[in-house]
$ cat protein_11.txt   # compact mmCIF, C-alpha atoms
# COMPACT_ATOMS: atom_id res chain seq x y z
CA MET A 285 64.47 133.72 113.67
CA SER A 286 61.24 135.66 114.15
CA VAL A 287 58.59 134.48 111.73
CA GLN A 288 55.48 136.43 110.87
CA GLY A 289 52.94 136.26 108.12
CA ARG A 290 50.01 134.24 106.89
CA GLY A 291 50.48 130.52 106.63
CA TYR A 292 49.35 128.86 103.42
CA ARG A 293 47.93 125.37 103.35
CA TYR A 294 48.34 123.18 100.29
CA VAL A 295 45.24 123.61 98.08
CA GLY A 296 46.34 121.64 95.01
CA PRO A 297 45.49 118.09 93.92
CA ALA A 298 45.17 115.72 96.88
CA GLY A 299 47.13 113.01 95.07
CA LEU A 300 50.27 115.16 94.96
CA LYS A 301 50.14 115.73 98.71
CA ALA A 302 49.44 112.03 99.35
CA ALA A 303 52.63 111.16 97.46
CA VAL A 304 54.83 113.20 99.84
CA ARG A 305 56.96 110.94 102.00
CA PRO A 306 57.58 111.79 105.68
CA GLY A 307 60.95 113.43 106.18
CA SER A 308 61.15 114.49 102.55
CA GLY A 309 61.29 118.06 101.42
CA GLY A 310 63.55 120.57 99.82
CA CYS A 311 67.03 121.34 101.05
CA ARG A 312 66.88 123.61 104.12
CA ILE A 313 69.01 126.70 103.57
CA ASP A 314 69.35 128.50 106.90
CA SER A 315 72.79 130.11 106.59
CA ALA A 316 75.25 131.58 104.10
CA ALA A 317 77.42 128.49 104.53
CA GLY A 318 74.43 126.26 103.86
CA PHE A 319 73.66 128.14 100.65
CA SER A 320 77.31 128.01 99.57
CA SER A 321 77.40 124.23 100.05
CA TRP A 322 74.09 123.76 98.25
CA VAL A 323 74.98 125.95 95.25
CA ALA A 324 78.43 124.32 94.90
CA GLU A 325 76.69 120.99 94.31
CA ARG A 326 74.54 122.36 91.45
CA SER A 327 75.56 121.86 87.84
CA THR A 328 75.79 124.74 85.38
CA ALA A 329 72.72 123.34 83.62
CA GLU A 330 70.74 123.36 86.87
CA LEU A 331 71.71 126.94 87.63
CA VAL A 332 70.33 128.15 84.29
CA GLU A 333 66.77 127.33 85.34
CA PRO A 334 64.83 128.61 88.34
CA PHE A 335 64.38 126.40 91.39
CA THR A 336 61.24 125.51 93.28
CA PHE A 337 61.24 127.18 96.69
CA VAL A 338 59.12 127.39 99.79
CA VAL A 339 59.59 129.33 103.00
CA GLY A 340 58.51 127.03 105.81
CA MET A 341 56.52 128.12 108.82
CA ASP A 342 59.87 128.37 110.61
CA GLY A 343 60.96 131.10 108.17
CA VAL A 344 63.61 128.90 106.54
CA LEU A 345 64.10 128.74 102.78
CA ARG A 346 63.85 125.29 101.20
CA LEU A 347 65.00 124.64 97.63
CA ALA A 348 64.31 121.83 95.15
CA PRO A 349 64.74 121.32 91.40
CA ARG A 350 62.34 123.38 89.27
CA ARG A 351 60.08 120.54 88.26
CA SER A 352 59.53 119.54 91.88
CA GLU A 353 56.10 120.03 93.38
CA HIS A 354 55.93 122.76 96.01
CA VAL A 355 54.10 120.44 98.39
CA ALA A 356 57.00 117.96 98.12
CA CYS A 357 59.53 120.74 98.71
CA ALA A 358 57.56 121.70 101.84
CA GLY A 359 57.33 118.10 103.05
CA GLY A 360 53.54 118.43 102.89
CA GLU A 361 53.50 121.21 105.49
CA MET A 362 52.10 124.73 105.51
CA VAL A 363 54.32 127.51 104.17
CA LEU A 364 54.79 131.26 104.50
CA SER A 365 55.47 131.54 100.75
CA ALA A 366 56.18 129.40 97.70
CA GLY A 367 57.25 129.96 94.11
CA GLU A 368 60.24 129.89 91.81
CA ILE A 369 63.64 131.50 92.32
CA SER A 370 66.78 131.88 90.23
CA PHE A 371 70.27 132.85 91.29
CA ILE A 372 73.08 134.77 89.62
CA ARG A 373 76.69 135.30 90.54
CA GLU A 374 77.65 138.99 90.67
CA ALA A 375 81.00 140.43 91.71
CA GLY A 376 82.00 137.11 93.26
CA ARG A 377 78.76 136.77 95.28
CA TRP A 378 75.53 134.89 94.75
CA ALA A 379 72.26 136.80 94.62
CA ALA A 380 68.61 135.97 94.10
CA ALA A 381 67.82 137.32 90.63
CA ASP A 382 64.22 136.47 89.82
CA VAL A 383 61.64 135.44 92.38
CA SER A 384 57.97 134.69 91.79
CA ASN A 385 55.10 133.44 93.93
CA GLN A 386 54.10 131.05 91.14
CA SER A 387 52.82 128.01 93.02
CA THR A 388 49.46 126.63 92.00
CA GLY A 389 49.63 124.19 94.91
CA TYR A 390 49.78 126.88 97.60
CA CYS A 391 48.58 129.95 95.66
CA PRO A 392 50.32 132.40 98.00
CA ASP A 393 49.32 136.04 97.99
CA VAL A 394 51.82 138.63 96.77
CA SER A 395 52.02 139.82 100.39
CA SER A 396 54.04 136.66 101.12
CA TRP A 397 57.09 138.50 99.75
CA SER A 398 58.02 139.65 103.27
CA ALA A 399 58.65 136.01 104.30
CA VAL A 400 60.86 135.46 101.24
CA ALA A 401 62.79 138.68 101.89
CA HIS A 402 63.30 137.70 105.54
CA ALA A 403 64.58 134.22 104.57
CA LEU A 404 66.98 135.59 101.93
CA ASP A 405 68.23 138.33 104.26
CA GLY A 406 68.82 135.68 106.92
CA ILE A 407 71.27 133.83 104.68
CA GLY A 408 72.91 137.01 103.41
CA LEU A 409 71.77 136.87 99.77
CA GLU A 410 71.18 140.05 97.81
CA ARG A 411 67.64 140.10 96.48
CA PRO A 412 65.15 142.17 94.51
CA SER A 413 62.84 144.52 96.39
CA GLY A 414 59.80 142.35 95.68
CA PHE A 415 58.60 139.50 93.53
CA THR A 416 59.96 140.07 90.03
CA HIS A 417 56.89 138.25 88.69
CA GLU A 418 53.77 138.59 90.84
CA VAL A 419 50.99 136.05 90.40
CA VAL A 420 47.56 137.03 91.73
CA PHE A 421 45.50 134.01 92.80
CA ARG A 422 41.79 134.02 93.62
CA ARG A 423 39.13 131.36 94.23
CA CYS A 424 35.84 131.92 92.47
CA PRO A 425 33.00 132.27 94.99
CA GLY A 426 30.64 130.78 92.39
CA CYS A 427 32.32 127.68 90.97
CA GLN A 428 35.11 127.42 93.61
CA GLU A 429 37.85 127.08 90.94
CA HIS A 430 41.29 128.62 91.51
CA ASN A 431 42.14 131.40 89.08
CA ILE A 432 45.21 133.37 88.10
CA VAL A 433 44.16 137.00 87.63
CA ARG A 434 45.71 138.39 84.48
CA GLU A 435 46.04 142.08 83.65
CA GLY A 436 43.85 143.10 86.59
CA ASP A 437 40.81 141.30 85.15
CA PHE A 438 39.11 139.88 88.25
CA VAL A 439 36.75 137.56 86.34
CA CYS A 440 36.64 133.77 86.67
CA VAL A 441 37.93 132.10 83.50
CA PHE A 442 35.78 129.05 84.27
CA CYS A 443 32.31 130.55 84.87
CA GLY A 444 32.57 134.31 84.27
CA ASN A 445 31.73 135.39 87.84
CA ASP A 446 33.52 138.33 89.43
CA LEU A 447 36.49 137.45 91.61
CA PRO A 448 37.15 139.20 94.94
CA GLU A 449 39.80 141.90 95.17
CA THR A 450 41.34 140.27 98.27
CA TRP A 451 43.07 136.89 98.53
CA ASN A 452 40.60 134.09 99.28
CA VAL A 453 42.09 130.89 97.88
CA ASP A 454 42.00 128.77 101.03
CA PRO A 455 38.35 128.26 102.01
CA VAL A 456 39.36 127.57 105.63
CA GLY A 457 42.24 130.05 106.05
$ encode --input "protein_11.txt" --output "structure tokens"
Amino acid sequence: MSVQGRGYRYVGPAGLKAAVRPGSGGCRIDSAAGFSSWVAERSTAELVEPFTFVVGMDGVLRLAPRRSEHVACAGGEMVLSAGEISFIREAGRWAAADVSNQSTGYCPDVSSWSAVAHALDGIGLERPSGFTHEVVFRRCPGCQEHNIVREGDFVCVFCGNDLPETWNVDPVG
């Protein structure tokens, strides 16, 4: 699988990353059969809520229960995208219904959609044409806090400074 795109390092609380155990992580879904097996093990109650997802640097989708931390789902590693995803069954087939980049641990840019699309296409799941809920993350150059930009208002909610138009959450990346 050819993988392209920006890699996102974990930028959330250090304690959450420190709690990740080696070899842990979300369930790797790298084929239609793998998804079928995974979804068959989910209860109806589980399928009502979205799941935590990451797309690893290898381009493979990993899934975990919604209340899981993204960094745990990723096994503490860098990702190509992260967020929440829900699935619906249509005409006898499973499809990705809603997909967001809502991950305050990785704060991926909306441009990370291409990695999600590639991963879903690789396992043969129908999908939307983009994130159904886009979250715009920025780091304030003044106070260094992470912000979610709401309604196109690029102003830091913590100190009132202007936020950059381009993604800048990871101070190293």
$ closest_atom_pairs --input "protein_11.txt" --of "stretch 288-380 of chain A" --to "stretch 399-421 of chain A" --cutoff "9 Å" --atoms "only C-alpha atoms" --output "tab-separated table"
residue	atom	partner	partner_atom	distance
A:Gln288	CA	A:Ala399	CA	7.3
A:Gly289	CA	A:Ala399	CA	6.9
A:Ile313	CA	A:Ile407	CA	7.6
A:Asp314	CA	A:Ile407	CA	6.1
A:Ser315	CA	A:Ile407	CA	4.4
A:Ala316	CA	A:Ile407	CA	4.6
A:Ala317	CA	A:Ile407	CA	8.1
A:Gly318	CA	A:Ile407	CA	8.2
A:Phe319	CA	A:Ile407	CA	7.4
A:Val338	CA	A:Val400	CA	8.4
A:Val339	CA	A:Val400	CA	6.5
A:Gly343	CA	A:Ala403	CA	6.0
A:Val344	CA	A:Ala403	CA	5.8
A:Leu345	CA	A:Ala403	CA	5.8
A:Leu364	CA	A:Ala399	CA	6.1
A:Ser365	CA	A:Ala399	CA	6.5
A:Ala366	CA	A:Val400	CA	8.4
A:Arg377	CA	A:Leu409	CA	8.3
A:Trp378	CA	A:Leu409	CA	6.6
A:Ala379	CA	A:Glu410	CA	4.7
A:Ala380	CA	A:Arg411	CA	4.9
$ atom_distance --input "protein_11.txt" --atom1 "atom CA of A:Gly426" --atom2 "atom CA of A:Pro448"
10.9 Å
$ closest_residue --input "protein_11.txt" --among "A:Val304, A:Val332, A:Cys427, A:Val394" --to "A:Ser352" --atoms "all atoms listed in the file"
A:Val304
$ closest_atom_pairs --input "protein_11.txt" --of "stretch 356-391 of chain A" --to "stretch 324-329 of chain A" --cutoff "12 Å" --atoms "only C-alpha atoms" --output "JSON lines"
{"residue": "A:Phe371", "atom": "CA", "partner": "A:Arg326", "partner_atom": "CA", "distance": 11.3}
{"residue": "A:Ile372", "atom": "CA", "partner": "A:Thr328", "partner_atom": "CA", "distance": 11.2}
{"residue": "A:Arg373", "atom": "CA", "partner": "A:Thr328", "partner_atom": "CA", "distance": 11.8}
{"residue": "A:Trp378", "atom": "CA", "partner": "A:Ala324", "partner_atom": "CA", "distance": 11.0}
$ residues_around --input "protein_11.txt" --residues "A:Pro349" --least-positions-apart "5" --cutoff "10 Å" --atoms "only C-alpha atoms" --output "PyMOL selection string"
chain A and resi 310-311+326+330-331+333-337+357+368
$ closest_residue --input "protein_11.txt" --among "A:Gly359, A:Gly291, A:Gly436, A:Gly340" --to "A:Ala303" --atoms "all atoms listed in the file"
A:Gly359
$ closest_residue --input "protein_11.txt" --among "A:Leu347, A:Cys424, A:Ala375, A:Ala358" --to "A:Glu449" --atoms "only C-alpha atoms"
A:Cys424
$ residues_around --input "protein_11.txt" --residues "A:Gly299" --least-positions-apart "5" --cutoff "12 Å" --atoms "only C-alpha atoms" --output "number ranges by chain"
A: 294, 304, 353, 355-356, 360, 389
$ closest_residue --input "protein_11.txt" --among "A:Arg350, A:Val363, A:Pro455, A:Val323" --to "A:Pro392" --atoms "all atoms listed in the file"
A:Val363
